[in-house]
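Note: the block below is work.cif and it holds mmCIF, C-alpha atoms.
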```
data_target
#
loop_
_atom_site.label_atom_id
_atom_site.label_comp_id
_atom_site.auth_asym_id
_atom_site.auth_seq_id
_atom_site.Cartn_x
_atom_site.Cartn_y
_atom_site.Cartn_z
CA MET A 1 -13.96 -22.97 -13.42
CA SER A 2 -11.10 -22.01 -11.17
CA ALA A 3 -9.73 -18.49 -11.08
CA VAL A 4 -6.35 -17.48 -12.46
CA ARG A 5 -4.17 -16.82 -9.41
CA MET A 6 -2.74 -13.31 -9.67
CA ASP A 7 0.86 -13.86 -8.64
CA GLY A 8 2.05 -10.89 -6.61
CA LYS A 9 5.39 -12.53 -5.78
CA ALA A 10 6.35 -12.90 -9.45
CA LEU A 11 5.27 -9.37 -10.34
CA SER A 12 7.02 -7.97 -7.27
CA ALA A 13 10.31 -9.62 -8.32
CA LYS A 14 9.91 -8.22 -11.84
CA VAL A 15 9.23 -4.66 -10.61
CA ARG A 16 12.13 -4.79 -8.12
CA GLY A 17 14.40 -5.84 -10.98
CA SER A 18 13.44 -2.72 -12.95
CA ILE A 19 13.88 -0.54 -9.81
CA LEU A 20 17.37 -1.99 -9.26
CA ALA A 21 18.31 -1.20 -12.88
CA GLU A 22 17.00 2.36 -12.59
CA THR A 23 18.79 2.83 -9.26
CA ALA A 24 22.07 1.70 -10.85
CA ALA A 25 21.59 4.36 -13.55
CA LEU A 26 20.91 7.03 -10.89
CA LYS A 27 24.03 6.01 -8.96
CA GLN A 28 26.06 6.72 -12.11
CA ARG A 29 24.86 10.31 -11.68
CA GLY A 30 25.77 10.39 -7.99
CA ILE A 31 22.21 9.84 -6.70
CA THR A 32 21.34 6.99 -4.30
CA PRO A 33 17.70 6.78 -3.20
CA GLY A 34 17.53 6.73 0.60
CA LEU A 35 14.68 5.57 2.85
CA ALA A 36 14.39 6.31 6.58
CA VAL A 37 12.08 4.00 8.54
CA ILE A 38 11.01 4.97 12.06
CA LEU A 39 9.60 2.42 14.50
CA VAL A 40 8.28 3.58 17.88
CA GLY A 41 7.70 0.84 20.45
CA ASP A 42 7.95 -2.93 20.07
CA ASP A 43 4.83 -4.05 18.18
CA PRO A 44 5.85 -7.50 16.80
CA ALA A 45 3.98 -7.13 13.47
CA SER A 46 5.55 -3.71 12.91
CA GLN A 47 9.01 -5.16 13.57
CA ILE A 48 8.43 -7.76 10.84
CA TYR A 49 7.26 -5.07 8.39
CA VAL A 50 10.32 -2.93 9.14
CA ARG A 51 12.68 -5.88 8.61
CA ASN A 52 11.01 -6.60 5.26
CA LYS A 53 11.40 -2.96 4.24
CA GLU A 54 15.12 -3.01 5.11
CA LYS A 55 15.56 -6.17 3.05
CA ALA A 56 13.69 -4.62 0.10
CA CYS A 57 15.93 -1.51 0.24
CA ALA A 58 19.02 -3.75 0.01
CA GLU A 59 17.50 -5.66 -2.96
CA CYS A 60 16.78 -2.40 -4.80
CA GLY A 61 20.22 -0.89 -4.14
CA PHE A 62 18.90 1.84 -1.84
CA TYR A 63 20.54 3.48 1.13
CA SER A 64 18.47 2.96 4.30
CA GLU A 65 18.34 4.20 7.87
CA LYS A 66 16.30 2.62 10.65
CA TYR A 67 15.32 4.39 13.86
CA ALA A 68 13.97 2.03 16.54
CA LEU A 69 12.68 4.31 19.29
CA PRO A 70 11.42 3.21 22.73
CA ALA A 71 7.66 3.25 23.36
CA GLU A 72 8.08 6.11 25.83
CA THR A 73 9.48 8.45 23.14
CA THR A 74 7.58 11.74 23.34
CA GLN A 75 5.67 13.18 20.40
CA GLN A 76 8.04 16.16 20.30
CA GLU A 77 11.11 13.89 20.16
CA LEU A 78 9.58 12.04 17.21
CA LEU A 79 8.64 15.29 15.43
CA ASP A 80 12.21 16.58 15.97
CA LEU A 81 13.63 13.44 14.33
CA ILE A 82 11.26 13.85 11.36
CA ALA A 83 12.34 17.49 11.02
CA GLN A 84 16.00 16.36 10.82
CA LEU A 85 15.17 13.75 8.19
CA ASN A 86 13.17 16.31 6.17
CA GLU A 87 16.45 18.28 5.86
CA SER A 88 18.74 15.30 5.19
CA PRO A 89 20.04 15.19 1.59
CA GLN A 90 20.67 11.44 1.94
CA ILE A 91 17.02 10.66 2.65
CA ALA A 92 14.52 10.72 -0.23
CA GLY A 93 11.68 9.02 1.65
CA ILE A 94 10.49 8.95 5.26
CA LEU A 95 8.18 6.31 6.68
CA CYS A 96 6.92 6.15 10.26
CA GLN A 97 5.53 2.68 10.93
CA MET A 98 1.97 2.78 12.24
CA PRO A 99 0.50 2.30 14.76
CA VAL A 100 2.45 4.61 17.07
CA PRO A 101 1.90 4.52 20.87
CA ALA A 102 -1.37 6.06 22.05
CA HIS A 103 0.24 9.22 23.46
CA ILE A 104 1.46 10.22 19.97
CA SER A 105 -0.94 11.68 17.39
CA GLU A 106 -0.77 9.81 14.05
CA GLN A 107 -2.13 12.93 12.33
CA ALA A 108 0.66 15.09 13.78
CA VAL A 109 3.30 12.59 12.62
CA ILE A 110 1.88 12.37 9.09
CA ALA A 111 1.57 16.17 8.82
CA ALA A 112 5.20 16.63 9.95
CA ILE A 113 6.68 14.65 7.05
CA ASP A 114 7.65 16.76 4.02
CA PRO A 115 5.06 15.84 1.33
CA ARG A 116 7.93 15.34 -1.16
CA LYS A 117 9.36 12.66 1.16
CA ASP A 118 6.00 11.12 2.14
CA VAL A 119 6.46 7.76 0.38
CA ASP A 120 3.40 6.30 2.16
CA ALA A 121 1.30 9.06 0.49
CA PHE A 122 -0.65 9.76 3.69
CA HIS A 123 0.08 13.51 3.98
CA PRO A 124 -3.04 15.66 3.32
CA VAL A 125 -1.22 17.32 0.39
CA ASN A 126 -0.64 13.95 -1.28
CA VAL A 127 -4.16 12.75 -0.45
CA GLY A 128 -5.53 15.88 -2.15
CA ARG A 129 -3.31 15.35 -5.18
CA ILE A 130 -4.62 11.79 -5.54
CA MET A 131 -8.16 13.17 -5.43
CA VAL A 132 -7.53 15.55 -8.35
CA GLY A 133 -5.43 13.02 -10.28
CA ASP A 134 -2.13 14.94 -10.22
CA PHE A 135 0.11 12.88 -7.95
CA ASP A 136 3.68 11.63 -7.56
CA PHE A 137 2.94 9.04 -4.86
CA VAL A 138 0.06 6.65 -4.22
CA PRO A 139 -0.49 4.60 -1.04
CA CYS A 140 1.42 1.38 -1.54
CA THR A 141 -1.33 -1.25 -1.34
CA PRO A 142 -3.71 0.41 -3.85
CA ALA A 143 -0.72 1.09 -6.14
CA GLY A 144 0.15 -2.60 -5.97
CA VAL A 145 -3.42 -3.61 -6.82
CA MET A 146 -3.37 -1.36 -9.91
CA ALA A 147 -0.03 -2.89 -10.98
CA LEU A 148 -1.54 -6.39 -10.67
CA LEU A 149 -4.58 -5.41 -12.75
CA ASP A 150 -2.26 -4.02 -15.43
CA GLU A 151 -0.04 -7.11 -15.38
CA TYR A 152 -3.04 -9.36 -16.06
CA GLY A 153 -4.53 -7.07 -18.71
CA ILE A 154 -7.58 -6.11 -16.64
CA ASP A 155 -8.83 -2.63 -17.57
CA PRO A 156 -11.26 -1.01 -15.08
CA LYS A 157 -12.66 1.27 -17.83
CA GLY A 158 -16.46 1.08 -17.87
CA LYS A 159 -16.50 -1.78 -15.37
CA SER A 160 -18.47 -1.96 -12.12
CA CYS A 161 -15.81 -1.72 -9.40
CA VAL A 162 -16.79 -2.35 -5.78
CA VAL A 163 -14.40 -1.58 -2.92
CA VAL A 164 -15.38 -3.08 0.44
CA GLY A 165 -13.72 -0.95 3.12
CA ARG A 166 -13.23 2.82 3.41
CA SER A 167 -9.91 3.25 5.23
CA ASN A 168 -7.63 6.15 4.35
CA ILE A 169 -4.83 3.66 3.68
CA VAL A 170 -6.59 1.34 1.22
CA GLY A 171 -10.32 1.80 0.59
CA LYS A 172 -10.53 5.51 -0.28
CA PRO A 173 -7.36 5.77 -2.43
CA MET A 174 -8.24 2.46 -4.11
CA ALA A 175 -11.60 3.89 -5.15
CA MET A 176 -9.94 7.05 -6.53
CA LEU A 177 -7.40 5.10 -8.60
CA LEU A 178 -10.14 2.96 -10.13
CA LEU A 179 -12.15 6.12 -10.83
CA HIS A 180 -9.14 7.77 -12.54
CA ARG A 181 -9.02 4.69 -14.79
CA HIS A 182 -12.70 5.21 -15.71
CA GLY A 183 -14.18 2.49 -13.51
CA THR A 184 -17.71 2.99 -12.13
CA VAL A 185 -16.92 2.82 -8.43
CA THR A 186 -18.98 1.92 -5.36
CA ILE A 187 -17.47 2.07 -1.86
CA CYS A 188 -19.09 -0.23 0.70
CA HIS A 189 -18.67 -0.29 4.48
CA SER A 190 -20.23 -1.61 7.68
CA ARG A 191 -23.42 0.42 7.18
CA THR A 192 -24.00 -0.50 3.53
CA GLN A 193 -27.45 -2.01 3.02
CA ASP A 194 -27.71 -5.25 1.00
CA LEU A 195 -23.91 -5.56 0.89
CA ALA A 196 -24.02 -8.99 -0.75
CA GLU A 197 -26.22 -7.65 -3.56
CA VAL A 198 -23.89 -4.69 -4.18
CA CYS A 199 -20.87 -7.02 -4.27
CA ARG A 200 -22.60 -9.35 -6.74
CA ARG A 201 -22.79 -6.50 -9.27
CA ALA A 202 -18.99 -6.08 -9.27
CA ASP A 203 -16.85 -6.89 -12.28
CA ILE A 204 -13.86 -5.98 -10.07
CA LEU A 205 -14.28 -6.59 -6.33
CA VAL A 206 -11.65 -5.32 -3.87
CA ALA A 207 -11.93 -6.62 -0.30
CA ALA A 208 -10.23 -4.48 2.36
CA VAL A 209 -12.17 -5.02 5.58
CA GLY A 210 -9.76 -6.89 7.84
CA ARG A 211 -12.11 -9.81 8.59
CA GLN A 212 -11.15 -13.35 7.68
CA GLY A 213 -13.36 -14.98 5.05
CA PHE A 214 -15.80 -12.03 5.04
CA ILE A 215 -16.49 -12.26 1.28
CA THR A 216 -18.23 -15.56 0.57
CA PRO A 217 -19.00 -17.20 -2.80
CA ASP A 218 -22.65 -16.07 -2.74
CA MET A 219 -21.41 -12.43 -2.75
CA VAL A 220 -19.40 -12.81 -5.98
CA LYS A 221 -20.53 -12.74 -9.60
CA ASP A 222 -19.37 -15.55 -11.87
CA GLY A 223 -16.28 -14.45 -13.75
CA ALA A 224 -15.47 -11.45 -11.50
CA VAL A 225 -11.97 -10.22 -10.72
CA VAL A 226 -11.47 -10.51 -6.95
CA ILE A 227 -8.67 -8.64 -5.19
CA ASP A 228 -8.10 -9.65 -1.58
CA VAL A 229 -5.97 -7.19 0.41
CA GLY A 230 -6.88 -8.67 3.79
CA ILE A 231 -4.11 -9.87 6.11
CA ASN A 232 -5.69 -11.63 9.07
CA ARG A 233 -3.89 -13.90 11.53
CA GLY A 234 -6.18 -16.91 12.00
CA ALA A 235 -6.64 -19.16 15.02
CA ASP A 236 -4.33 -21.60 13.21
CA GLY A 237 -1.54 -19.01 13.32
CA LYS A 238 -1.55 -18.65 9.52
CA VAL A 239 -2.33 -15.56 7.44
CA HIS A 240 -5.76 -15.49 5.80
CA GLY A 241 -7.48 -13.01 3.51
CA ASP A 242 -10.83 -11.26 3.65
CA VAL A 243 -12.13 -13.57 0.90
CA ASP A 244 -13.24 -17.17 1.45
CA PRO A 245 -10.87 -19.37 -0.65
CA ALA A 246 -13.96 -21.08 -2.14
CA VAL A 247 -14.48 -17.89 -4.21
CA MET A 248 -11.65 -19.24 -6.43
CA ASP A 249 -14.30 -21.48 -8.04
CA LYS A 250 -16.44 -18.50 -9.13
CA ALA A 251 -13.95 -15.78 -10.00
CA ALA A 252 -12.04 -15.43 -13.28
CA PHE A 253 -9.03 -13.85 -11.54
CA MET A 254 -8.19 -13.75 -7.83
CA THR A 255 -5.27 -12.75 -5.64
CA PRO A 256 -4.18 -15.48 -3.21
CA VAL A 257 -3.34 -14.73 0.43
CA PRO A 258 -0.48 -14.85 1.05
CA GLY A 259 1.33 -14.10 -2.21
CA GLY A 260 -1.09 -11.77 -3.97
CA ALA A 261 -1.48 -8.10 -3.06
CA GLY A 262 0.83 -8.39 -0.02
CA PRO A 263 4.21 -8.67 -1.79
CA MET A 264 3.31 -5.72 -4.02
CA THR A 265 2.87 -3.33 -1.09
CA ILE A 266 6.54 -3.07 -0.08
CA THR A 267 7.62 -3.10 -3.73
CA MET A 268 5.43 -0.06 -4.39
CA LEU A 269 7.04 1.62 -1.37
CA MET A 270 10.38 1.10 -3.14
CA LYS A 271 8.91 2.55 -6.33
CA ASN A 272 7.67 5.62 -4.42
CA THR A 273 11.13 6.07 -2.85
CA LEU A 274 12.79 5.92 -6.27
CA LYS A 275 10.27 8.47 -7.57
CA ALA A 276 10.94 10.72 -4.55
CA ALA A 277 14.69 10.69 -5.25
CA LYS A 278 14.07 11.62 -8.88
CA VAL A 279 11.59 14.40 -8.04
CA GLN A 280 13.94 15.90 -5.45
CA HIS A 281 16.74 16.01 -8.03
CA GLY A 282 14.50 17.51 -10.71
CA LEU A 283 14.46 14.34 -12.83
#
```
Can you dump the structure from the file as structure tokens?
Amino acid sequence: MSAVRMDGKALSAKVRGSILAETAALKQRGITPGLAVILVGDDPASQIYVRNKEKACAECGFYSEKYALPAETTQQELLDLIAQLNESPQIAGILCQMPVPAHISEQAVIAAIDPRKDVDAFHPVNVGRIMVGDFDFVPCTPAGVMALLDEYGIDPKGKSCVVVGRSNIVGKPMAMLLLHRHGTVTICHSRTQDLAEVCRRADILVAAVGRQGFITPDMVKDGAVVIDVGINRGADGKVHGDVDPAVMDKAAFMTPVPGGAGPMTITMLMKNTLKAAKVQHGL
């Protein structure tokens, strides 16, 4: 048995097509979704992400602004820029690319963004709304995972769902989304005892640990759905996931890396930006 490869590229293209159509309809009403992306410093990976976000905005028909600030930008200068963007009628969504330089508090930056423009869904208000199940925005990677499950007809209801990793960006919101869809959810982390045994019970296994090949075939139940959100640069210079590729021979469905969950992340950012524009115009 070899797993069905869950094609994030194909689904991403499909979703962007529907976003473009909806954006065209909004433009007829004089509304153009706008995204402001802020980059502080010259982290090479962040520069690539920002370029990809600009490209996605163009594909979806959005207006976009990019602010590339020097690494020595002060926290107050950054907060002042965010305050301006909070007031800008052209900007529906604001994203500050993380990580920021060490002298700037990530928490302060996240808290400064208007929750209605927080298209990363990191603001405590949006985190709380995800917890209670009454939300406009969801962090982009977990939202992309849910879209992939839906595309392949995989319903978490009643299933054993194991999330390996407890970050605020992926692990915790991922667990909440699966719970809202009636999955029975376990969150694992570095201090989980008998991790392999817990993983083997999973009908749906989500790996979000940031360690290449961490999930091995002996940790996966035959016929499981395996979602790999890991992006790890290997010694060979290529991108690898958190899941050993040999798991393909045990799983029923699996996301490849690259080309699985990754492409969905920026597409869900576009979806959040479109939603922000609609919410801000009372639509």
Spatial neighbours of A:Arg211, max dist 9 Å, all atoms listed in the file, sep filter under 5 positions, as a ChimeraX atom specification: /A:230-232,240-243
Residue IDs satisfying the PyMOL selection byres ((chain A and resi 118) around 9), as number ranges by chain: A: 92-95, 110, 113-117, 119-123, 126, 137, 272-273, 276
For a cutoff of 8 Å around the file-coordinate point (10.2, 11.5, 9.4), which residues qualify once you count only C-alpha atoms? I'd like the result as a PyMOL selection string. chain A and resi 36-38+78-79+81-86+94-96+109+112-114
Name every residue that the PyMOL selection byres ((chain A and resi 178-189) around 12) selects in this structure, writing the answer as number ranges by chain with chains first and numbers rising. A: 130-135, 142-143, 145-147, 149-150, 154-167, 170-177, 190-210
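Closest approach to A:Lys250 from the set A:Pro101, A:Asp236, A:Leu269, A:Pro217 is made by A:Pro217, with distances taken over only C-alpha atoms.
The residues returned by the PyMOL selection byres ((chain A and resi 4) around 9) for this structure are Ser2, Ala3, Arg5, Met6, Asp7, Met248, Ala251, Ala252, Phe253, Met254 and Thr255 of chain A.
Interatomic distance, atom CA of A:Asp249 to atom CA of A:Ile215: 13.3 Å.
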Pairwise distance, atom CA of A:Gly153 with atom CA of A:Gly213, equals 26.6 Å
I'd like the contact shell of A:Ala24 - 12 Å cut-off, all atoms listed in the file, skipping same-chain residues fewer than 6 positions apart - returned as a list of chain:residue names. A:Gly17, A:Ser18, A:Gly30, A:Ile31, A:Thr32, A:Pro33, A:Glu59, A:Cys60, A:Gly61, A:Phe62, A:Leu274
Protein and nucleic acid residues near (16.4, -5.1, 0.8) (cut-off 12 Å, all atoms listed in the file) as an MDAnalysis selection string: chainID A and resid 13 16:17 19:20 34:35 49:65 266:267 269:270
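You will find atom CA of A:Ala45 at 15.3 Å from atom CA of A:Pro258.
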So, counting all atoms listed in the file, which residue among A:His103, A:Pro44, A:Ile91, A:Met268 is closest to A:Thr73? A:His103
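Each of A:Gly144, A:Gly41, A:Pro89, A:Pro99 was checked against A:Ala71 using all atoms listed in the file; the smallest atom-to-atom distance is that of A:Gly41.
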